[in-house]
Each structure stands twice: as structure tokens, then as C-alpha cells.
>>> print(open('run_18.pdb').read())   # PDB, C-alpha atoms
MODEL        1
ATOM      1  CA  MET O   1     -40.947  14.042 -45.098
ATOM      2  CA  THR O   2     -39.284  10.698 -44.977
ATOM      3  CA  TYR O   3     -39.469   8.185 -42.174
ATOM      4  CA  GLY O   4     -37.531   4.964 -42.631
ATOM      5  CA  GLY O   5     -37.344   5.455 -46.382
ATOM      6  CA  ALA O   6     -41.106   6.003 -46.775
ATOM      7  CA  VAL O   7     -42.518   9.313 -47.919
ATOM      8  CA  ARG O   8     -45.277  10.673 -45.740
ATOM      9  CA  ILE O   9     -47.460  13.462 -47.083
ATOM     10  CA  LEU O  10     -49.071  15.690 -44.504
ATOM     11  CA  HIS O  11     -52.656  16.702 -45.048
ATOM     12  CA  ARG O  12     -52.665  20.455 -44.467
ATOM     13  CA  MET O  13     -55.667  21.643 -42.514
ATOM     14  CA  THR O  14     -58.076  23.912 -44.355
ATOM     15  CA  THR O  15     -59.867  26.829 -42.726
ATOM     16  CA  GLN O  16     -63.155  24.921 -42.898
ATOM     17  CA  GLU O  17     -61.590  21.889 -41.204
ATOM     18  CA  PHE O  18     -60.169  24.108 -38.470
ATOM     19  CA  GLU O  19     -63.536  25.791 -37.887
ATOM     20  CA  HIS O  20     -65.215  22.385 -37.621
ATOM     21  CA  ILE O  21     -62.576  21.109 -35.194
ATOM     22  CA  ALA O  22     -62.768  24.336 -33.161
ATOM     23  CA  ARG O  23     -66.561  23.996 -32.808
ATOM     24  CA  MET O  24     -66.085  20.433 -31.591
ATOM     25  CA  LEU O  25     -63.246  21.247 -29.159
ATOM     26  CA  ARG O  26     -64.567  24.516 -27.714
ATOM     27  CA  PRO O  27     -67.089  23.035 -25.208
ATOM     28  CA  ARG O  28     -64.473  20.606 -23.890
ATOM     29  CA  LEU O  29     -61.859  23.364 -23.543
ATOM     30  CA  ILE O  30     -64.321  25.621 -21.711
ATOM     31  CA  GLY O  31     -65.159  22.677 -19.448
ATOM     32  CA  ILE O  32     -61.490  22.222 -18.568
ATOM     33  CA  GLY O  33     -61.215  25.930 -17.749
ATOM     34  CA  ARG O  34     -64.382  25.832 -15.624
ATOM     35  CA  ASP O  35     -63.199  22.726 -13.779
ATOM     36  CA  PHE O  36     -59.945  24.480 -12.999
ATOM     37  CA  PHE O  37     -61.117  28.023 -12.213
ATOM     38  CA  GLY O  38     -64.766  27.496 -11.316
ATOM     39  CA  HIS O  39     -66.277  30.227 -13.500
ATOM     40  CA  GLY O  40     -66.859  31.137 -17.115
ATOM     41  CA  MET O  41     -64.707  34.179 -17.902
ATOM     42  CA  GLU O  42     -61.342  32.513 -17.351
ATOM     43  CA  ALA O  43     -62.671  29.298 -18.895
ATOM     44  CA  GLU O  44     -63.536  31.220 -22.059
ATOM     45  CA  ASP O  45     -60.059  32.757 -22.075
ATOM     46  CA  VAL O  46     -58.504  29.280 -21.826
ATOM     47  CA  ALA O  47     -60.562  28.027 -24.771
ATOM     48  CA  GLN O  48     -59.709  31.083 -26.873
ATOM     49  CA  GLU O  49     -56.015  30.795 -26.080
ATOM     50  CA  VAL O  50     -55.892  27.116 -27.086
ATOM     51  CA  LEU O  51     -57.843  27.739 -30.284
ATOM     52  CA  MET O  52     -55.629  30.697 -31.143
ATOM     53  CA  ARG O  53     -52.503  28.584 -30.675
ATOM     54  CA  LEU O  54     -53.977  25.766 -32.758
ATOM     55  CA  TRP O  55     -54.896  28.283 -35.460
ATOM     56  CA  VAL O  56     -51.309  29.506 -35.598
ATOM     57  CA  MET O  57     -50.103  25.891 -35.846
ATOM     58  CA  ARG O  58     -52.829  24.722 -38.245
ATOM     59  CA  GLU O  59     -50.574  24.283 -41.266
ATOM     60  CA  ARG O  60     -48.274  22.009 -39.290
ATOM     61  CA  LEU O  61     -51.038  19.851 -37.811
ATOM     62  CA  ASP O  62     -52.178  16.615 -39.377
ATOM     63  CA  THR O  63     -55.961  16.370 -38.995
ATOM     64  CA  ARG O  64     -55.897  12.590 -39.300
ATOM     65  CA  LEU O  65     -54.061  12.300 -35.990
ATOM     66  CA  GLY O  66     -56.811  14.012 -34.017
ATOM     67  CA  LEU O  67     -56.221  17.118 -31.990
ATOM     68  CA  ASP O  68     -58.177  16.274 -28.828
ATOM     69  CA  GLY O  69     -55.179  15.178 -26.782
ATOM     70  CA  LEU O  70     -53.050  18.123 -27.871
ATOM     71  CA  ALA O  71     -55.844  20.617 -27.188
ATOM     72  CA  VAL O  72     -56.581  19.152 -23.739
ATOM     73  CA  ARG O  73     -52.884  19.216 -22.789
ATOM     74  CA  MET O  74     -52.586  22.815 -24.005
ATOM     75  CA  ALA O  75     -55.690  23.830 -22.009
ATOM     76  CA  LYS O  76     -54.373  22.231 -18.821
ATOM     77  CA  ASN O  77     -50.973  23.875 -19.279
ATOM     78  CA  ILE O  78     -52.609  27.282 -19.805
ATOM     79  CA  CYS O  79     -54.736  26.784 -16.672
ATOM     80  CA  VAL O  80     -51.693  25.950 -14.555
ATOM     81  CA  SER O  81     -49.737  28.864 -15.995
ATOM     82  CA  GLU O  82     -52.551  31.326 -15.304
ATOM     83  CA  TRP O  83     -53.041  29.948 -11.798
ATOM     84  CA  ARG O  84     -49.332  30.484 -11.075
ATOM     85  CA  LYS O  85     -49.554  34.081 -12.319
ATOM     86  CA  GLN O  86     -52.523  34.671 -10.021
ATOM     87  CA  GLN O  87     -50.594  33.257  -7.063
ATOM     88  CA  VAL O  88     -47.666  35.570  -7.747
ATOM     89  CA  ARG O  89     -50.013  38.566  -7.951
ATOM     90  CA  ARG O  90     -51.710  37.556  -4.680
ATOM     91  CA  ASN O  91     -48.411  37.043  -2.882
ATOM     92  CA  ASN O  92     -47.258  40.528  -3.881
ATOM     93  CA  GLN O  93     -50.220  42.212  -2.178
ATOM     94  CA  PRO O  94     -49.607  43.763   1.256
ATOM     95  CA  ALA O  95     -50.941  42.092   4.404
ATOM     96  CA  TYR O  96     -53.404  44.141   6.506
ATOM     97  CA  ALA O  97     -53.748  44.166  10.244
ATOM     98  CA  THR O  98     -57.507  44.626  10.427
ATOM     99  CA  LYS O  99     -60.461  43.490   8.399
ATOM    100  CA  SER O 100     -61.731  47.064   7.963
ATOM    101  CA  GLU O 101     -58.394  48.141   6.450
ATOM    102  CA  ALA O 102     -58.542  45.189   4.094
ATOM    103  CA  ASP O 103     -62.164  45.994   3.165
ATOM    104  CA  GLN O 104     -61.265  49.628   2.550
ATOM    105  CA  HIS O 105     -58.283  48.588   0.449
ATOM    106  CA  SER O 106     -60.502  46.195  -1.541
ATOM    107  CA  ARG O 107     -63.046  48.934  -2.241
ATOM    108  CA  LEU O 108     -60.323  51.363  -3.334
ATOM    109  CA  GLU O 109     -58.685  48.725  -5.487
ATOM    110  CA  GLU O 110     -62.016  47.821  -7.084
ATOM    111  CA  SER O 111     -62.655  51.489  -7.832
ATOM    112  CA  ASP O 112     -59.175  51.834  -9.339
ATOM    113  CA  ASN O 113     -59.730  48.718 -11.428
ATOM    114  CA  ARG O 114     -63.027  50.045 -12.776
ATOM    115  CA  GLN O 115     -61.322  53.335 -13.643
ATOM    116  CA  MET O 116     -58.421  51.560 -15.400
ATOM    117  CA  LEU O 117     -60.873  49.399 -17.355
ATOM    118  CA  ALA O 118     -62.886  52.462 -18.419
ATOM    119  CA  GLU O 119     -59.689  54.175 -19.582
ATOM    120  CA  ALA O 120     -58.553  51.052 -21.424
ATOM    121  CA  LEU O 121     -61.917  50.728 -23.170
ATOM    122  CA  GLN O 122     -61.631  54.329 -24.367
ATOM    123  CA  LYS O 123     -58.418  53.323 -26.182
ATOM    124  CA  LEU O 124     -60.352  50.811 -28.298
ATOM    125  CA  SER O 125     -61.988  51.665 -31.587
ATOM    126  CA  PRO O 126     -65.773  52.142 -31.472
ATOM    127  CA  THR O 127     -66.276  48.728 -33.092
ATOM    128  CA  GLU O 128     -63.961  47.013 -30.622
ATOM    129  CA  ARG O 129     -65.712  48.750 -27.710
ATOM    130  CA  ARG O 130     -69.115  47.662 -28.989
ATOM    131  CA  LEU O 131     -67.986  44.037 -29.444
ATOM    132  CA  PHE O 132     -66.278  44.029 -26.043
ATOM    133  CA  LYS O 133     -69.494  45.285 -24.414
ATOM    134  CA  MET O 134     -71.620  42.707 -26.232
ATOM    135  CA  ARG O 135     -69.358  39.912 -25.073
ATOM    136  CA  GLN O 136     -68.449  40.986 -21.530
ATOM    137  CA  GLU O 137     -71.388  43.024 -20.288
ATOM    138  CA  LEU O 138     -74.267  41.559 -22.277
ATOM    139  CA  GLU O 139     -72.710  38.051 -22.172
ATOM    140  CA  MET O 140     -73.576  37.289 -25.793
ATOM    141  CA  ASP O 141     -72.015  34.288 -27.463
ATOM    142  CA  LEU O 142     -70.327  34.451 -30.867
ATOM    143  CA  PRO O 143     -73.330  33.199 -32.895
ATOM    144  CA  GLN O 144     -75.545  35.881 -31.337
ATOM    145  CA  MET O 145     -72.957  38.552 -32.004
ATOM    146  CA  ALA O 146     -72.471  37.333 -35.589
ATOM    147  CA  SER O 147     -76.192  37.521 -36.308
ATOM    148  CA  ILE O 148     -76.414  41.052 -34.892
ATOM    149  CA  THR O 149     -73.248  42.482 -36.455
ATOM    150  CA  GLY O 150     -73.056  40.515 -39.691
ATOM    151  CA  ILE O 151     -69.405  39.721 -38.918
ATOM    152  CA  GLY O 152     -68.282  36.085 -39.152
ATOM    153  CA  GLU O 153     -67.677  34.222 -35.895
ATOM    154  CA  ARG O 154     -64.019  33.606 -36.674
ATOM    155  CA  SER O 155     -63.475  37.293 -37.359
ATOM    156  CA  LEU O 156     -65.374  38.222 -34.203
ATOM    157  CA  SER O 157     -63.218  35.887 -32.159
ATOM    158  CA  SER O 158     -60.061  37.456 -33.582
ATOM    159  CA  MET O 159     -61.357  40.986 -33.032
ATOM    160  CA  LEU O 160     -62.369  40.215 -29.437
ATOM    161  CA  SER O 161     -59.027  38.619 -28.736
ATOM    162  CA  ALA O 162     -57.193  41.654 -30.106
ATOM    163  CA  ALA O 163     -59.412  44.005 -28.066
ATOM    164  CA  ARG O 164     -58.775  41.968 -24.914
ATOM    165  CA  ARG O 165     -55.030  42.101 -25.520
ATOM    166  CA  LYS O 166     -55.201  45.899 -25.973
ATOM    167  CA  VAL O 167     -57.206  46.287 -22.778
ATOM    168  CA  MET O 168     -54.829  44.059 -20.819
ATOM    169  CA  ALA O 169     -51.765  45.823 -22.214
ATOM    170  CA  HIS O 170     -53.185  49.201 -21.188
ATOM    171  CA  ILE O 171     -54.101  47.954 -17.716
ATOM    172  CA  MET O 172     -50.697  46.330 -17.219
ATOM    173  CA  LYS O 173     -49.001  49.538 -18.340
ATOM    174  CA  GLN O 174     -51.099  51.603 -15.921
ATOM    175  CA  SER O 175     -50.538  49.266 -12.968
ATOM    176  CA  ARG O 176     -46.747  49.500 -13.137
TER     177      ARG O 176
ENDMDL
END
>>> encode(input="run_18.pdb", output="C-alpha cells")
Amino acid sequence: MTYGGAVRILHRMTTQEFEHIARMLRPRLIGIGRDFFGHGMEAEDVAQEVLMRLWVMRERLDTRLGLDGLAVRMAKNICVSEWRKQQVRRNNQPAYATKSEADQHSRLEESDNRQMLAEALQKLSPTERRLFKMRQELEMDLPQMASITGIGERSLSSMLSAARRKVMAHIMKQSR
């Protein structure tokens, strides 16, 4: 690339550099998600989404410039976007005249959600189901899962992300 007649050579990020940067950024990204949503599950999703986007862009990123600012901005944008989606979903729910009707509706909806999740999990491969359970139900972190399964953390993260997308796609399809 040339800027003002000078040639600038980009330093392409290696996989090892990305993994190092991801380990450094992850706690901060989770913190941003927790500050915004107040709990861990959505915070983890925010961190994974940012890291996935950075991974896709890794060959175009110059590591010498530092990625903190970009990652923080991406995390905040993802939080706002997800919050807006939640507001739209909430605003599309019917209003109920009495508290007991609302409670009954909540119980029915919760039951339906559990059923949809169970059906979605059945669509996953046995490995994906096992990893999903380790992460969501047993609340294991990636290093714990890697030591148990023998699968690298980066691969686990990708597999979990793909499983989550499959589950969400199935649930979205069922809720239409």
C-alpha cells in the first residue's frame, strides 16, 4: 500500500498472535457484556461474537496498531444491537389484564421454550450436544473442556459457536 509515496507493509497476524490477543481481550469483552446485560451468558456471547469477527478480519488487521479500541467498540455495538432486538421481542408480546394470566402465560412459554431447546439439541451431533452441555449446563470454561476432551480451545470455541447457531436457527424456525 502506498500513502503519500511511501510504501507501508502490513504485518499479517498469525494464528498464535491472534490467540494471544484473544486471551488478553476476552476478560475485558466479557466485562463489557456483563456491565451492559448484568449476567454472564449474554456477556460470553458478546465476547465470542467480537472474537469471531476479529478472527474473520485477522488478515486485514495490523497488530502493531493495537486492537483494544476496535474490540471495545465492536463489543459495545453488539450489546446495543442485542438490546434493541430484545426490546423488539418484548414489545411484540401481548399485554395481559391480570397477573395470574401473565403468570400462566409465562409458565406455558417457559415450558414451550424448554421443549424447543430439547428439540434443537436433538438436531446436534452427539459431540456438539456433549460440548453444549459441558458449557451451558455444567458451566465449564474452555480450558476445562479442552483438558477433558483433548480438543484445542480454539476448535472448541468454533464448535460451540456453530452449535449455538444451529440451536438458535432451529428455535427461530420453530417460533415462526
>>> resolve_selection(input="run_18.pdb", expression="the PyMOL selection byres ((chain O and resi 118) around 12)", output="PyMOL selection string")
chain O and resi 111-117+119-124+129+132-133+167-168+170-171
>>> atom_distance(input="run_18.pdb", atom1="CA of Ile21 in chain O", atom2="CA of Leu67 in chain O")
8.2 Å
>>> residues_near_point(input="run_18.pdb", point="(-59.1, 16.3, -27.4)", cutoff="10 Å", atoms="all atoms listed in the file", output="MDAnalysis selection string")
chainID O and resid 21 24:26 28:29 66:75
>>> write_last_selection(input="run_18.pdb", atoms="C-alpha atoms", output="PDB file, in the coordinates of the input")
ATOM      1  CA  ILE O  21     -62.576  21.109 -35.194  1.00  0.00           C
ATOM      2  CA  MET O  24     -66.085  20.433 -31.591  1.00  0.00           C
ATOM      3  CA  LEU O  25     -63.246  21.247 -29.159  1.00  0.00           C
ATOM      4  CA  ARG O  26     -64.567  24.516 -27.714  1.00  0.00           C
ATOM      5  CA  ARG O  28     -64.473  20.606 -23.890  1.00  0.00           C
ATOM      6  CA  LEU O  29     -61.859  23.364 -23.543  1.00  0.00           C
ATOM      7  CA  GLY O  66     -56.811  14.012 -34.017  1.00  0.00           C
ATOM      8  CA  LEU O  67     -56.221  17.118 -31.990  1.00  0.00           C
ATOM      9  CA  ASP O  68     -58.177  16.274 -28.828  1.00  0.00           C
ATOM     10  CA  GLY O  69     -55.179  15.178 -26.782  1.00  0.00           C
ATOM     11  CA  LEU O  70     -53.050  18.123 -27.871  1.00  0.00           C
ATOM     12  CA  ALA O  71     -55.844  20.617 -27.188  1.00  0.00           C
ATOM     13  CA  VAL O  72     -56.581  19.152 -23.739  1.00  0.00           C
ATOM     14  CA  ARG O  73     -52.884  19.216 -22.789  1.00  0.00           C
ATOM     15  CA  MET O  74     -52.586  22.815 -24.005  1.00  0.00           C
ATOM     16  CA  ALA O  75     -55.690  23.830 -22.009  1.00  0.00           C
TER      17      ALA O  75
END
>>> atom_distance(input="run_18.pdb", atom1="CA of Gly150 in chain O", atom2="CA of Pro27 in chain O")
23.5 Å
>>> atom_distance(input="run_18.pdb", atom1="CA of Arg58 in chain O", atom2="CA of Thr14 in chain O")
8.1 Å
>>> closest_residue(input="run_18.pdb", among="O:Ile78, O:Ala169, O:Met57, O:Met159", to="Leu142 in chain O", atoms="only C-alpha atoms")
O:Met159
>>> closest_residue(input="run_18.pdb", among="O:Ala163, O:Ile148, O:Leu51, O:Leu156", to="Glu128 in chain O", atoms="only C-alpha atoms")
O:Ala163
>>> residues_around(input="run_18.pdb", residues="Lys76 in chain O", least_positions_apart="4", cutoff="8 Å", atoms="all atoms listed in the file", output="count of residues only")
4
>>> decode(input="run_18.pdb", residues="range 135-158 of chain O", atoms="N, CA, C and O atoms", output="PDB file, in the first residue's frame")
ATOM      1  N   ARG O 135     -20.686 -26.774  28.435  1.00  0.00           N
ATOM      2  CA  ARG O 135     -20.578 -25.319  28.514  1.00  0.00           C
ATOM      3  C   ARG O 135     -21.771 -24.677  29.204  1.00  0.00           C
ATOM      4  O   ARG O 135     -21.611 -23.846  30.092  1.00  0.00           O
ATOM      5  N   GLN O 136     -22.987 -25.065  28.803  1.00  0.00           N
ATOM      6  CA  GLN O 136     -24.193 -24.389  29.289  1.00  0.00           C
ATOM      7  C   GLN O 136     -24.702 -24.938  30.619  1.00  0.00           C
ATOM      8  O   GLN O 136     -25.046 -24.168  31.495  1.00  0.00           O
ATOM      9  N   GLU O 137     -24.756 -26.241  30.739  1.00  0.00           N
ATOM     10  CA  GLU O 137     -25.330 -26.820  31.957  1.00  0.00           C
ATOM     11  C   GLU O 137     -24.295 -26.977  33.066  1.00  0.00           C
ATOM     12  O   GLU O 137     -24.567 -26.697  34.224  1.00  0.00           O
ATOM     13  N   LEU O 138     -23.108 -27.447  32.691  1.00  0.00           N
ATOM     14  CA  LEU O 138     -22.068 -27.674  33.696  1.00  0.00           C
ATOM     15  C   LEU O 138     -21.201 -26.434  33.917  1.00  0.00           C
ATOM     16  O   LEU O 138     -20.361 -26.423  34.802  1.00  0.00           O
ATOM     17  N   GLU O 139     -21.403 -25.404  33.075  1.00  0.00           N
ATOM     18  CA  GLU O 139     -20.718 -24.119  33.167  1.00  0.00           C
ATOM     19  C   GLU O 139     -19.196 -24.252  33.191  1.00  0.00           C
ATOM     20  O   GLU O 139     -18.505 -23.556  33.929  1.00  0.00           O
ATOM     21  N   MET O 140     -18.677 -25.154  32.361  1.00  0.00           N
ATOM     22  CA  MET O 140     -17.229 -25.315  32.251  1.00  0.00           C
ATOM     23  C   MET O 140     -16.666 -24.227  31.343  1.00  0.00           C
ATOM     24  O   MET O 140     -17.332 -23.784  30.415  1.00  0.00           O
ATOM     25  N   ASP O 141     -15.430 -23.820  31.633  1.00  0.00           N
ATOM     26  CA  ASP O 141     -14.790 -22.872  30.729  1.00  0.00           C
ATOM     27  C   ASP O 141     -13.985 -23.655  29.690  1.00  0.00           C
ATOM     28  O   ASP O 141     -13.841 -24.880  29.776  1.00  0.00           O
ATOM     29  N   LEU O 142     -13.486 -22.944  28.691  1.00  0.00           N
ATOM     30  CA  LEU O 142     -12.795 -23.620  27.579  1.00  0.00           C
ATOM     31  C   LEU O 142     -11.567 -24.418  28.024  1.00  0.00           C
ATOM     32  O   LEU O 142     -11.381 -25.543  27.552  1.00  0.00           O
ATOM     33  N   PRO O 143     -10.728 -23.896  28.923  1.00  0.00           N
ATOM     34  CA  PRO O 143      -9.580 -24.716  29.358  1.00  0.00           C
ATOM     35  C   PRO O 143     -10.001 -26.035  30.011  1.00  0.00           C
ATOM     36  O   PRO O 143      -9.393 -27.072  29.777  1.00  0.00           O
ATOM     37  N   GLN O 144     -11.057 -26.000  30.817  1.00  0.00           N
ATOM     38  CA  GLN O 144     -11.548 -27.230  31.442  1.00  0.00           C
ATOM     39  C   GLN O 144     -12.038 -28.207  30.373  1.00  0.00           C
ATOM     40  O   GLN O 144     -11.735 -29.399  30.426  1.00  0.00           O
ATOM     41  N   MET O 145     -12.794 -27.680  29.436  1.00  0.00           N
ATOM     42  CA  MET O 145     -13.332 -28.530  28.375  1.00  0.00           C
ATOM     43  C   MET O 145     -12.199 -29.109  27.527  1.00  0.00           C
ATOM     44  O   MET O 145     -12.245 -30.276  27.141  1.00  0.00           O
ATOM     45  N   ALA O 146     -11.182 -28.296  27.242  1.00  0.00           N
ATOM     46  CA  ALA O 146     -10.052 -28.756  26.434  1.00  0.00           C
ATOM     47  C   ALA O 146      -9.313 -29.892  27.140  1.00  0.00           C
ATOM     48  O   ALA O 146      -8.925 -30.880  26.508  1.00  0.00           O
ATOM     49  N   SER O 147      -9.128 -29.759  28.451  1.00  0.00           N
ATOM     50  CA  SER O 147      -8.410 -30.808  29.170  1.00  0.00           C
ATOM     51  C   SER O 147      -9.212 -32.107  29.229  1.00  0.00           C
ATOM     52  O   SER O 147      -8.640 -33.195  29.211  1.00  0.00           O
ATOM     53  N   ILE O 148     -10.525 -32.006  29.267  1.00  0.00           N
ATOM     54  CA  ILE O 148     -11.373 -33.199  29.328  1.00  0.00           C
ATOM     55  C   ILE O 148     -11.499 -33.871  27.963  1.00  0.00           C
ATOM     56  O   ILE O 148     -11.407 -35.089  27.852  1.00  0.00           O
ATOM     57  N   THR O 149     -11.691 -33.050  26.922  1.00  0.00           N
ATOM     58  CA  THR O 149     -11.968 -33.601  25.588  1.00  0.00           C
ATOM     59  C   THR O 149     -10.729 -33.833  24.749  1.00  0.00           C
ATOM     60  O   THR O 149     -10.765 -34.610  23.795  1.00  0.00           O
ATOM     61  N   GLY O 150      -9.649 -33.116  25.054  1.00  0.00           N
ATOM     62  CA  GLY O 150      -8.451 -33.210  24.223  1.00  0.00           C
ATOM     63  C   GLY O 150      -8.553 -32.373  22.950  1.00  0.00           C
ATOM     64  O   GLY O 150      -7.711 -32.456  22.072  1.00  0.00           O
ATOM     65  N   ILE O 151      -9.589 -31.561  22.851  1.00  0.00           N
ATOM     66  CA  ILE O 151      -9.780 -30.676  21.699  1.00  0.00           C
ATOM     67  C   ILE O 151      -9.234 -29.307  22.065  1.00  0.00           C
ATOM     68  O   ILE O 151      -9.462 -28.824  23.172  1.00  0.00           O
ATOM     69  N   GLY O 152      -8.532 -28.667  21.146  1.00  0.00           N
ATOM     70  CA  GLY O 152      -7.959 -27.341  21.393  1.00  0.00           C
ATOM     71  C   GLY O 152      -9.038 -26.316  21.696  1.00  0.00           C
ATOM     72  O   GLY O 152     -10.162 -26.412  21.199  1.00  0.00           O
ATOM     73  N   GLU O 153      -8.678 -25.306  22.489  1.00  0.00           N
ATOM     74  CA  GLU O 153      -9.639 -24.280  22.893  1.00  0.00           C
ATOM     75  C   GLU O 153     -10.223 -23.541  21.700  1.00  0.00           C
ATOM     76  O   GLU O 153     -11.415 -23.245  21.671  1.00  0.00           O
ATOM     77  N   ARG O 154      -9.389 -23.221  20.728  1.00  0.00           N
ATOM     78  CA  ARG O 154      -9.872 -22.501  19.553  1.00  0.00           C
ATOM     79  C   ARG O 154     -10.895 -23.333  18.788  1.00  0.00           C
ATOM     80  O   ARG O 154     -11.932 -22.840  18.372  1.00  0.00           O
ATOM     81  N   SER O 155     -10.602 -24.621  18.661  1.00  0.00           N
ATOM     82  CA  SER O 155     -11.546 -25.519  17.987  1.00  0.00           C
ATOM     83  C   SER O 155     -12.837 -25.657  18.788  1.00  0.00           C
ATOM     84  O   SER O 155     -13.928 -25.658  18.224  1.00  0.00           O
ATOM     85  N   LEU O 156     -12.703 -25.761  20.104  1.00  0.00           N
ATOM     86  CA  LEU O 156     -13.882 -25.843  20.965  1.00  0.00           C
ATOM     87  C   LEU O 156     -14.756 -24.604  20.800  1.00  0.00           C
ATOM     88  O   LEU O 156     -15.979 -24.713  20.681  1.00  0.00           O
ATOM     89  N   SER O 157     -14.118 -23.454  20.802  1.00  0.00           N
ATOM     90  CA  SER O 157     -14.865 -22.208  20.652  1.00  0.00           C
ATOM     91  C   SER O 157     -15.631 -22.186  19.339  1.00  0.00           C
ATOM     92  O   SER O 157     -16.805 -21.812  19.292  1.00  0.00           O
ATOM     93  N   SER O 158     -14.984 -22.623  18.270  1.00  0.00           N
ATOM     94  CA  SER O 158     -15.642 -22.670  16.960  1.00  0.00           C
ATOM     95  C   SER O 158     -16.791 -23.675  16.963  1.00  0.00           C
ATOM     96  O   SER O 158     -17.876 -23.397  16.423  1.00  0.00           O
TER      97      SER O 158
END
